[in-house]
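Below: work_14.pdb (PDB, C-alpha atoms)
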ATOM      1  CA  MET K   1       0.000   0.000   0.000
ATOM      2  CA  THR K   2       1.442   3.349  -1.077
ATOM      3  CA  VAL K   3       1.626   6.044   1.599
ATOM      4  CA  HIS K   4       1.382   9.542   0.164
ATOM      5  CA  PRO K   5       3.061  12.466   1.962
ATOM      6  CA  THR K   6       0.685  14.860   3.679
ATOM      7  CA  LEU K   7       0.572  18.607   3.057
ATOM      8  CA  SER K   8      -0.344  20.858   5.995
ATOM      9  CA  ILE K   9      -1.592  24.344   5.172
ATOM     10  CA  VAL K  10      -1.598  26.962   7.937
ATOM     11  CA  VAL K  11      -4.030  29.711   6.996
ATOM     12  CA  THR K  12      -3.293  33.147   8.463
ATOM     13  CA  ILE K  13      -6.481  35.132   9.020
ATOM     14  CA  VAL K  14      -5.841  38.707   7.920
ATOM     15  CA  ASP K  15      -9.181  39.896   6.560
ATOM     16  CA  GLY K  16     -11.442  37.051   7.690
ATOM     17  CA  GLY K  17     -15.132  36.906   6.808
ATOM     18  CA  SER K  18     -15.861  36.331   3.133
ATOM     19  CA  TYR K  19     -12.126  36.457   2.320
ATOM     20  CA  LEU K  20     -11.524  33.423   4.534
ATOM     21  CA  ARG K  21     -14.520  31.613   3.041
ATOM     22  CA  ASP K  22     -13.332  32.342  -0.517
ATOM     23  CA  PHE K  23      -9.886  31.081   0.440
ATOM     24  CA  LEU K  24     -11.308  27.813   1.763
ATOM     25  CA  LEU K  25     -13.404  27.424  -1.379
ATOM     26  CA  SER K  26     -10.231  27.747  -3.454
ATOM     27  CA  VAL K  27      -8.644  24.996  -1.344
ATOM     28  CA  ALA K  28     -11.731  22.822  -1.823
ATOM     29  CA  ALA K  29     -11.280  23.276  -5.576
ATOM     30  CA  PHE K  30      -7.723  21.874  -5.644
ATOM     31  CA  GLU K  31      -7.125  19.530  -8.560
ATOM     32  CA  ASP K  32      -5.723  16.102  -7.614
ATOM     33  CA  PRO K  33      -4.335  17.261  -4.236
ATOM     34  CA  PRO K  34      -2.240  15.169  -1.841
ATOM     35  CA  PRO K  35      -3.670  14.277   1.582
ATOM     36  CA  LEU K  36      -4.372  17.645   3.210
ATOM     37  CA  ASP K  37      -4.237  18.945   6.766
ATOM     38  CA  ILE K  38      -5.844  22.405   6.704
ATOM     39  CA  ILE K  39      -5.419  24.488   9.870
ATOM     40  CA  VAL K  40      -7.136  27.817  10.540
ATOM     41  CA  PRO K  41      -5.834  29.265  13.836
ATOM     42  CA  TYR K  42      -8.156  31.922  15.237
ATOM     43  CA  ASP K  43      -8.361  33.926  18.446
ATOM     44  CA  ALA K  44     -11.173  35.753  20.182
ATOM     45  CA  SER K  45     -10.715  38.842  18.009
ATOM     46  CA  VAL K  46     -11.694  36.838  14.887
ATOM     47  CA  SER K  47     -13.945  34.279  16.549
ATOM     48  CA  ASP K  48     -16.439  34.419  13.672
ATOM     49  CA  ALA K  49     -14.001  32.211  11.729
ATOM     50  CA  ALA K  50     -15.544  29.258  13.565
ATOM     51  CA  ASP K  51     -18.843  30.014  11.815
ATOM     52  CA  TYR K  52     -17.439  28.245   8.744
ATOM     53  CA  ALA K  53     -16.687  24.993  10.569
ATOM     54  CA  ALA K  54     -19.949  23.358   9.480
ATOM     55  CA  GLU K  55     -19.411  24.326   5.833
ATOM     56  CA  PHE K  56     -15.817  23.029   5.857
ATOM     57  CA  PRO K  57     -15.850  19.973   8.158
ATOM     58  CA  ASP K  58     -12.427  18.752   7.009
ATOM     59  CA  VAL K  59     -10.729  21.961   8.177
ATOM     60  CA  ASN K  60      -9.161  22.189  11.648
ATOM     61  CA  PHE K  61     -10.402  25.458  13.138
ATOM     62  CA  LEU K  62      -7.889  25.928  15.957
ATOM     63  CA  ASP K  63      -9.296  28.011  18.825
ATOM     64  CA  LEU K  64      -6.509  30.013  20.509
ATOM     65  CA  GLY K  65      -8.809  31.817  22.930
ATOM     66  CA  ILE K  66      -7.932  35.335  24.004
ATOM     67  CA  ILE K  67      -4.553  36.701  22.892
ATOM     68  CA  THR K  68      -3.455  40.027  24.335
ATOM     69  CA  PRO K  69      -0.709  41.579  22.170
ATOM     70  CA  ALA K  70       1.936  43.881  23.601
ATOM     71  CA  ARG K  71       0.487  46.831  21.706
ATOM     72  CA  PRO K  72      -3.230  47.683  21.456
ATOM     73  CA  ILE K  73      -5.170  45.111  19.498
ATOM     74  CA  THR K  74      -6.641  47.896  17.365
ATOM     75  CA  SER K  75      -3.189  49.077  16.247
ATOM     76  CA  GLU K  76      -1.339  47.787  13.199
ATOM     77  CA  ALA K  77       1.479  46.563  15.451
ATOM     78  CA  GLY K  78      -1.003  44.682  17.634
ATOM     79  CA  GLN K  79      -2.630  43.117  14.589
ATOM     80  CA  HIS K  80       0.736  42.021  13.183
ATOM     81  CA  GLU K  81       1.552  40.296  16.472
ATOM     82  CA  LEU K  82      -1.731  38.399  16.222
ATOM     83  CA  PHE K  83      -0.823  37.278  12.692
ATOM     84  CA  ASP K  84       2.567  36.065  13.960
ATOM     85  CA  ARG K  85       1.041  34.176  16.882
ATOM     86  CA  ARG K  86      -1.642  32.551  14.748
ATOM     87  CA  ARG K  87       1.026  31.314  12.346
ATOM     88  CA  ALA K  88       3.136  29.923  15.198
ATOM     89  CA  ALA K  89       0.181  28.080  16.715
ATOM     90  CA  GLY K  90      -0.748  26.645  13.338
ATOM     91  CA  LEU K  91       2.779  25.442  12.649
ATOM     92  CA  ALA K  92       2.925  23.764  16.057
ATOM     93  CA  ALA K  93      -0.300  21.884  15.246
ATOM     94  CA  ALA K  94       0.704  20.882  11.707
ATOM     95  CA  THR K  95       1.171  17.162  11.091
ATOM     96  CA  GLY K  96       2.228  17.187   7.438
ATOM     97  CA  ASP K  97       5.455  16.097   5.823
ATOM     98  CA  VAL K  98       5.396  19.445   4.028
ATOM     99  CA  ILE K  99       3.981  22.507   5.789
ATOM    100  CA  ALA K 100       2.782  25.636   4.026
ATOM    101  CA  ILE K 101       1.803  29.098   5.201
ATOM    102  CA  LEU K 102      -0.792  31.043   3.238
ATOM    103  CA  GLU K 103      -3.014  34.047   3.975
ATOM    104  CA  ASP K 104      -6.764  34.269   3.555
ATOM    105  CA  ARG K 105      -6.202  37.126   1.092
ATOM    106  CA  GLY K 106      -3.839  34.973  -1.032
ATOM    107  CA  HIS K 107      -5.940  32.422  -2.923
ATOM    108  CA  PRO K 108      -3.980  29.448  -4.316
ATOM    109  CA  HIS K 109      -4.433  28.268  -7.896
ATOM    110  CA  PRO K 110      -6.142  24.887  -8.472
ATOM    111  CA  ASP K 111      -2.823  23.095  -9.139
ATOM    112  CA  TRP K 112      -1.093  24.669  -6.129
ATOM    113  CA  ALA K 113      -1.164  21.712  -3.712
ATOM    114  CA  ARG K 114       0.047  19.054  -6.116
ATOM    115  CA  THR K 115       2.703  21.469  -7.416
ATOM    116  CA  VAL K 116       4.021  21.944  -3.866
ATOM    117  CA  MET K 117       4.582  18.225  -3.408
ATOM    118  CA  ARG K 118       6.097  17.786  -6.867
ATOM    119  CA  LEU K 119       8.555  20.650  -6.372
ATOM    120  CA  HIS K 120       9.688  19.367  -2.974
ATOM    121  CA  ALA K 121      10.173  15.861  -4.409
ATOM    122  CA  GLU K 122      11.982  17.048  -7.544
ATOM    123  CA  THR K 123      14.232  19.715  -6.067
ATOM    124  CA  GLY K 124      14.968  18.346  -2.604
ATOM    125  CA  LYS K 125      14.786  21.918  -1.286
ATOM    126  CA  ASN K 126      13.666  22.514   2.281
ATOM    127  CA  VAL K 127      12.113  25.941   1.658
ATOM    128  CA  ILE K 128      10.137  26.773  -1.486
ATOM    129  CA  GLY K 129       8.245  30.012  -1.972
ATOM    130  CA  GLY K 130       5.977  30.981  -4.805
ATOM    131  CA  ALA K 131       4.510  33.760  -6.881
ATOM    132  CA  ILE K 132       2.086  36.325  -5.467
ATOM    133  CA  ASP K 133       0.093  37.727  -8.358
ATOM    134  CA  CYS K 134      -2.217  40.716  -8.098
ATOM    135  CA  LYS K 135      -5.838  39.754  -8.711
ATOM    136  CA  GLU K 136      -7.326  42.285 -11.103
ATOM    137  CA  PRO K 137      -9.024  44.675 -11.295
ATOM    138  CA  VAL K 138      -7.705  46.776  -8.415
ATOM    139  CA  SER K 139      -7.438  50.501  -7.780
ATOM    140  CA  LEU K 140      -4.162  52.297  -8.421
ATOM    141  CA  LEU K 141      -3.656  52.664  -4.654
ATOM    142  CA  ASN K 142      -4.191  48.945  -4.012
ATOM    143  CA  TRP K 143      -1.787  48.162  -6.823
ATOM    144  CA  ALA K 144       0.787  50.573  -5.371
ATOM    145  CA  PHE K 145       0.567  48.714  -2.058
ATOM    146  CA  TYR K 146       0.967  45.405  -3.874
ATOM    147  CA  VAL K 147       4.074  46.676  -5.681
ATOM    148  CA  THR K 148       5.739  47.954  -2.509
ATOM    149  CA  ASP K 149       5.064  44.718  -0.606
ATOM    150  CA  PHE K 150       4.956  41.890  -3.161
ATOM    151  CA  GLY K 151       6.102  43.368  -6.467
ATOM    152  CA  ARG K 152       9.141  41.117  -6.727
ATOM    153  CA  TYR K 153       6.894  38.032  -6.510
ATOM    154  CA  GLY K 154       4.558  39.042  -9.345
ATOM    155  CA  LEU K 155       4.610  37.026 -12.542
ATOM    156  CA  PRO K 156       6.500  36.767 -14.771
ATOM    157  CA  PHE K 157       9.839  35.817 -13.232
ATOM    158  CA  ASP K 158      12.324  32.968 -13.582
ATOM    159  CA  SER K 159      12.361  30.266 -10.924
ATOM    160  CA  GLY K 160      15.577  29.873  -8.982
ATOM    161  CA  PRO K 161      17.483  30.563  -5.757
ATOM    162  CA  ALA K 162      16.296  33.671  -3.919
ATOM    163  CA  GLU K 163      17.266  35.823  -0.973
ATOM    164  CA  TRP K 164      13.599  36.354  -0.093
ATOM    165  CA  VAL K 165      10.427  34.282  -0.159
ATOM    166  CA  SER K 166       7.206  35.512   1.443
ATOM    167  CA  ASP K 167       5.137  33.958   4.221
ATOM    168  CA  VAL K 168       2.112  34.785   2.078
ATOM    169  CA  ASN K 169       3.108  31.796  -0.087
ATOM    170  CA  VAL K 170       5.817  29.602   1.389
ATOM    171  CA  THR K 171       6.320  25.889   2.021
ATOM    172  CA  TYR K 172       8.749  23.965   4.236
ATOM    173  CA  ASN K 173       9.597  20.364   4.717
ATOM    174  CA  ARG K 174       9.379  19.204   8.307
ATOM    175  CA  LYS K 175      13.157  19.123   8.698
ATOM    176  CA  ALA K 176      13.421  22.889   8.152
ATOM    177  CA  LEU K 177      10.617  23.695  10.572
ATOM    178  CA  GLU K 178      11.968  21.439  13.306
ATOM    179  CA  ALA K 179      15.377  23.097  12.926
ATOM    180  CA  THR K 180      13.817  26.520  13.505
ATOM    181  CA  ARG K 181      11.163  25.672  16.110
ATOM    182  CA  HIS K 182      13.004  27.643  18.794
ATOM    183  CA  LEU K 183      12.647  30.767  16.644
ATOM    184  CA  TRP K 184       8.878  30.599  16.082
ATOM    185  CA  LYS K 185       7.624  28.991  19.274
ATOM    186  CA  GLU K 186       5.768  32.193  20.246
ATOM    187  CA  ARG K 187       5.729  34.293  17.058
ATOM    188  CA  PHE K 188       6.560  33.331  13.500
ATOM    189  CA  ARG K 189       8.690  36.043  11.906
ATOM    190  CA  GLU K 190       9.629  35.261   8.344
ATOM    191  CA  PRO K 191      12.982  37.155   8.210
ATOM    192  CA  VAL K 192      14.235  35.596  11.460
ATOM    193  CA  VAL K 193      13.462  32.054  10.311
ATOM    194  CA  HIS K 194      14.788  32.499   6.792
ATOM    195  CA  TRP K 195      17.981  34.302   7.816
ATOM    196  CA  PHE K 196      18.725  31.493  10.266
ATOM    197  CA  LEU K 197      18.228  28.841   7.586
ATOM    198  CA  ILE K 198      20.437  30.732   5.128
ATOM    199  CA  GLU K 199      23.146  30.990   7.796
ATOM    200  CA  GLN K 200      22.896  27.199   8.174
ATOM    201  CA  GLY K 201      23.569  26.746   4.471
ATOM    202  CA  GLU K 202      19.997  26.375   3.238
ATOM    203  CA  GLU K 203      19.074  27.771  -0.161
ATOM    204  CA  LEU K 204      15.637  29.313  -0.593
ATOM    205  CA  LEU K 205      13.887  28.476  -3.854
ATOM    206  CA  LEU K 206      11.372  30.814  -5.489
ATOM    207  CA  SER K 207       9.133  29.065  -8.029
ATOM    208  CA  ASN K 208       6.942  30.655 -10.693
ATOM    209  CA  GLU K 209       4.808  27.491 -10.766
ATOM    210  CA  LEU K 210       3.466  27.966  -7.248
ATOM    211  CA  VAL K 211       0.945  30.789  -7.589
ATOM    212  CA  VAL K 212      -1.497  32.562  -5.308
ATOM    213  CA  ASP K 213      -3.709  35.493  -6.279
ATOM    214  CA  HIS K 214      -3.464  38.393  -3.856
ATOM    215  CA  VAL K 215      -6.934  39.742  -3.064
ATOM    216  CA  ARG K 216      -7.128  42.690  -0.688
ATOM    217  CA  PRO K 217     -10.150  44.823   0.267
ATOM    218  CA  PRO K 218     -10.157  48.323  -1.266
ATOM    219  CA  ALA K 219      -7.634  50.379   0.705
ATOM    220  CA  THR K 220      -7.335  54.020   1.729
ATOM    221  CA  LEU K 221      -4.214  56.001   2.495
ATOM    222  CA  GLY K 222      -5.538  56.504   6.024
ATOM    223  CA  ARG K 223      -5.426  52.742   6.505
ATOM    224  CA  LEU K 224      -2.224  52.017   4.603
ATOM    225  CA  LEU K 225       0.063  54.681   6.061
ATOM    226  CA  PRO K 226       0.008  53.449   9.686
ATOM    227  CA  GLU K 227       0.246  49.876   8.415
ATOM    228  CA  ARG K 228       3.332  50.679   6.353
ATOM    229  CA  PHE K 229       4.933  52.551   9.267
ATOM    230  CA  HIS K 230       4.341  49.840  11.864
ATOM    231  CA  TRP K 231       5.303  46.974   9.564
ATOM    232  CA  GLY K 232       8.440  48.884   8.583
ATOM    233  CA  ARG K 233       9.202  49.399  12.268
ATOM    234  CA  LEU K 234       8.901  45.669  12.905
ATOM    235  CA  PHE K 235      11.289  44.931  10.040
ATOM    236  CA  GLY K 236      13.746  47.565  11.313
ATOM    237  CA  HIS K 237      13.578  46.069  14.809
ATOM    238  CA  ILE K 238      14.241  42.548  13.499
ATOM    239  CA  ARG K 239      17.100  43.748  11.344
ATOM    240  CA  ALA K 240      18.609  45.806  14.180
ATOM    241  CA  MET K 241      18.715  42.714  16.395
ATOM    242  CA  HIS K 242      20.922  41.018  13.781
ATOM    243  CA  MET K 243      23.505  43.767  13.237
ATOM    244  CA  SER K 244      26.292  45.451  15.153
ATOM    245  CA  GLY K 245      25.999  48.936  16.657
ATOM    246  CA  PRO K 246      28.220  50.610  14.022
ATOM    247  CA  LYS K 247      26.329  48.961  11.167
ATOM    248  CA  ARG K 248      23.010  50.042  12.700
ATOM    249  CA  LEU K 249      24.321  53.620  12.857
ATOM    250  CA  VAL K 250      25.276  53.479   9.182
ATOM    251  CA  TYR K 251      21.749  52.347   8.297
ATOM    252  CA  ILE K 252      20.236  55.165  10.357
ATOM    253  CA  LEU K 253      22.458  57.857   8.848
ATOM    254  CA  SER K 254      21.938  56.598   5.300
ATOM    255  CA  SER K 255      18.160  56.302   5.701
ATOM    256  CA  PRO K 256      17.345  59.301   3.435
ATOM    257  CA  LEU K 257      18.685  57.220   0.558
ATOM    258  CA  ILE K 258      16.335  54.306   1.184
ATOM    259  CA  PRO K 259      13.183  55.699  -0.520
ATOM    260  CA  PRO K 260      14.907  56.716  -3.790
ATOM    261  CA  VAL K 261      16.634  53.335  -3.939
ATOM    262  CA  LEU K 262      13.269  51.612  -3.463
ATOM    263  CA  TRP K 263      11.597  53.758  -6.129
ATOM    264  CA  VAL K 264      14.263  52.808  -8.658
ATOM    265  CA  ARG K 265      14.294  49.148  -7.619
ATOM    266  CA  HIS K 266      10.506  48.811  -7.792
ATOM    267  CA  GLY K 267      10.473  50.646 -11.120
ATOM    268  CA  LEU K 268      13.084  48.376 -12.693
ATOM    269  CA  THR K 269      11.258  45.307 -11.388
ATOM    270  CA  GLN K 270       7.923  46.382 -12.843
ATOM    271  CA  ALA K 271       9.539  47.492 -16.097
ATOM    272  CA  GLY K 272      10.990  44.010 -16.416
ATOM    273  CA  LYS K 273       7.470  42.618 -16.017
ATOM    274  CA  GLY K 274       6.084  44.931 -18.700
ATOM    275  CA  ARG K 275       4.256  47.265 -16.308
ATOM    276  CA  LEU K 276       6.384  50.428 -16.414
ATOM    277  CA  LEU K 277       3.552  52.746 -17.505
ATOM    278  CA  ARG K 278       1.314  51.546 -14.709
ATOM    279  CA  TYR K 279       4.182  51.951 -12.283
ATOM    280  CA  LEU K 280       4.679  55.562 -13.348
ATOM    281  CA  ALA K 281       0.954  56.218 -12.943
ATOM    282  CA  ALA K 282       1.065  54.762  -9.409
ATOM    283  CA  LEU K 283       4.364  56.457  -8.501
ATOM    284  CA  PRO K 284       2.830  59.224  -6.313
ATOM    285  CA  TYR K 285       1.223  56.561  -4.112
ATOM    286  CA  ILE K 286       4.386  54.452  -4.157
ATOM    287  CA  ILE K 287       6.451  57.444  -3.013
ATOM    288  CA  ILE K 288       4.113  58.070  -0.075
ATOM    289  CA  LEU K 289       3.971  54.397   0.964
ATOM    290  CA  THR K 290       7.740  53.874   0.770
ATOM    291  CA  ILE K 291       8.406  57.007   2.840
ATOM    292  CA  ALA K 292       5.989  55.741   5.511
ATOM    293  CA  TRP K 293       7.709  52.336   5.498
ATOM    294  CA  THR K 294      11.183  53.915   5.699
ATOM    295  CA  CYS K 295      10.200  56.126   8.645
ATOM    296  CA  GLY K 296       9.008  53.019  10.472
ATOM    297  CA  GLU K 297      12.072  50.992   9.512
ATOM    298  CA  VAL K 298      14.442  53.708  10.765
ATOM    299  CA  TRP K 299      12.465  54.061  13.981
ATOM    300  CA  GLY K 300      12.911  50.321  14.447
ATOM    301  CA  TYR K 301      16.676  50.739  13.989
ATOM    302  CA  ILE K 302      16.757  53.568  16.538
ATOM    303  CA  THR K 303      14.552  52.040  19.232
ATOM    304  CA  ARG K 304      15.251  48.348  18.573
ATOM    305  CA  ARG K 305      11.645  47.792  19.649
ATOM    306  CA  PRO K 306       8.918  45.993  17.680
TER     307      PRO K 306
END

Would you mind giving the structure from this file in structure tokens?
Amino acid sequence: MTVHPTLSIVVTIVDGGSYLRDFLLSVAAFEDPPPLDIIVPYDASVSDAADYAAEFPDVNFLDLGIITPARPITSEAGQHELFDRRRAAGLAAATGDVIAILEDRGHPHPDWARTVMRLHAETGKNVIGGAIDCKEPVSLLNWAFYVTDFGRYGLPFDSGPAEWVSDVNVTYNRKALEATRHLWKERFREPVVHWFLIEQGEELLLSNELVVDHVRPPATLGRLLPERFHWGRLFGHIRAMHMSGPKRLVYILSSPLIPPVLWVRHGLTQAGKGRLLRYLAALPYIIILTIAWTCGEVWGYITRRP
């Protein structure tokens, strides 16, 4: 009797509600999937997730009870901590031979699950990330956000070794997760885990065959600016914890150069994908969002606090 490897999928609730339901419907529509272990960790702040348990009886809705983040639960920083803790709880509960992390706003393509298992079997890689494509149509502001956060993962691109893969679409074999368990026991932080694995000699693989469609509710600048600042601050904090004092000072002093470098880098990336004109149209929004991110990142370098 042939035993097929199991794929665990940890679903991070970001938007919840109909976005979570649509995500689970996309999972239910997988074509020829391997044995699946679907885990939806939820806490009291998103308790309505359990309302879908009857509709999706094969999904493990993991009740985490009340989680009190260090910062107010209504703040972007507080929300990000909840995302991190949900991911960690889901990973701890995962039973699969391969474990994936996806978000409810990142809907996997029908061939996603079987592609995961094929890529892990063919490549022997311990960490494989995939494409994050922007589901159209979206407003220019939503697209600007997508570019500043996930632009490098948009199709088309060539598969191969990468310095970055995103926890919006990433898969690990159990060996890699067990080796990093001490890093994500409380909170899963993608850069911390991936930098550790790279230091241990692991090579991250980014595949253009492993695709999710990014679907975000219509955004406003009033919502995006504090999000960009606080998420930038978290990244700056994480980075500051992994660098010496003199290097941190160099990053702080050179911070005015960060936004222009990002504008050029994002522009070249989108030009290479055939979207230069749209990038130029969205540039005013991109400038504002990258400045907000940079202010947060630098504040993270200065304070070394999440």

> Hey, what comes out of the PyMOL selection byres ((chain K and resi 251) around 12) on this file? Could you write it as a list in words?
Replying inline: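 Applying the expression gives Gly236, Arg239, Ala240, Met243, Ser244, Gly245, Pro246, Lys247, Arg248, Leu249, Val250, Ile252, Leu253, Ser254, Ser255, Pro256, Leu257, Ile258, Thr294, Glu297, Val298, Trp299, Gly300, Tyr301 and Ile302 of chain K.
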
>> I'd like the neighbourhood of range 106-118 of chain K as a list in words, where a residue qualifies if any of its atoms comes within 6 Å (using all atoms listed in the file), though same-chain residues fewer than 4 positions away should be ignored.
In response: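 Near range 106-118 of chain K, the qualifying residues are Phe23, Phe30, Glu31, Pro33, Glu122, Leu210, Val211, Val212, Asp213 and His214 of chain K.
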
>> I'd like to see the residues matched by the PyMOL selection byres ((chain K and resi 140) around 9) on this file, and ideally I'd get them as a VMD selection string.
In response: chain K and resid 138 to 139 141 to 145 278 281 to 282 285

Axis-aligned box for all listed atoms of range 283-287 of chain K, 8 Å per side, centre and edges in Å to one decimal, as AutoDock Vina command-line options:
--center_x 3.8 --center_y 56.8 --center_z -5.8 --size_x 21.2 --size_y 20.8 --size_z 21.5

> Skipping near chain neighbours, those fewer than 6 positions away, what residues fall within 9 Å of His194 in chain K using all atoms listed in the file, listed as a list in words?
Replying inline: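 Here the qualifying residues turn out to be Val127, Glu163, Trp164, Val165, Glu202 and Leu204 of chain K.
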
> Expressed in Å to a single decimal, how great is the separation between CA of Thr95 in chain K and CA of Ile73 in chain K?
Replying inline: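 A separation of 29.9 Å between them.
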
> Which residues match the PyMOL selection byres ((chain K and resi 206) around 7) in the file above, as a ChimeraX atom specification?
Replying inline: /K:128-130,159-162,165,204-205,207-208

> What gap, in Å, lies between CA of Pro41 in chain K and CA of Ile238 in chain K?
Replying inline: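 Pair CA of Pro41 in chain K / CA of Ile238 in chain K returns 24.1 Å.
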
>> Just to confirm, what's the straight-line distance from CA of Ala121 in chain K to CA of Thr6 in chain K in Å (one decimal)?
In response: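 CA of Thr6 in chain K lies 12.5 Å from CA of Ala121 in chain K.
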
>> Under the rule that only C-alpha atoms are counted, which of K:Asp37, K:Arg21, K:Thr68, K:Val10 is the nearest residue to Val170 in chain K?
In response: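 Of K:Asp37, K:Arg21, K:Thr68, K:Val10, the one nearest Val170 in chain K is K:Val10, counting only C-alpha atoms.
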
> For Ile287 in chain K, which of K:Gly124, K:Gly154, K:Gly201, K:Pro259 is the closest residue, counting all atoms listed in the file?
Replying inline: K:Pro259

> Could you name the residues that touch Asp48 in chain K at 9 Å or less, counting only C-alpha atoms, but leaving out those on the same chain fewer than 4 positions away, as a PyMOL selection string?
Replying inline: chain K and resi 16-17+42+44+52

>> I need the residue nearest Phe150 in chain K from this list: K:Thr269, K:Leu283, K:Phe56, K:Thr12. Use all atoms listed in the file for the distance.
In response: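 Closest to Phe150 in chain K, using all atoms listed in the file: K:Thr269.
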
> Looking at only C-alpha atoms, which of K:Gly96, K:Gly90, K:Pro260, K:Gly267 is the one that sits closest to Arg187 in chain K?
Replying inline: K:Gly90

>> For a quick check of understanding, using all atoms listed in the file, which of K:Val215, K:Val193, K:Leu177, K:Ala77 has the smallest distance to Ile132 in chain K?
In response: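 Once distances to Ile132 in chain K are computed over all atoms listed in the file, the minimum belongs to K:Val215.
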
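Considering the residues K:Ala50, K:Arg228, K:Ala92, K:Phe61 and counting all atoms listed in the file, His182 in chain K has its shortest atom-to-atom contact with K:Ala92.
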
>> Set the distance at 12 Å and use all atoms listed in the file: which residues neighbour Leu64 in chain K once local chain neighbours fewer than 5 positions away are removed? I'd like the list as a PyMOL selection string.
In response: chain K and resi 40-47+49-50+82+85-90+93

> Is there a way to get, as a VMD selection string, all residues within 12 Å of the point (2.6, 46.9, 21.6) in file coordinates, counting all atoms listed in the file?
Replying inline: chain K and resid 68 to 82 230 233 to 234 305 to 306

>> Need the shell around Pro5 in chain K: protein/DNA/RNA residues with any atom at most 10 Å away, counting all atoms listed in the file. Skip same-chain ones fewer than 3 positions apart. Format as a list in words?
In response: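 Using all atoms listed in the file, the neighbours found are Thr2, Ser8, Pro34, Pro35, Leu36, Gly96, Asp97, Val98 and Met117 of chain K.
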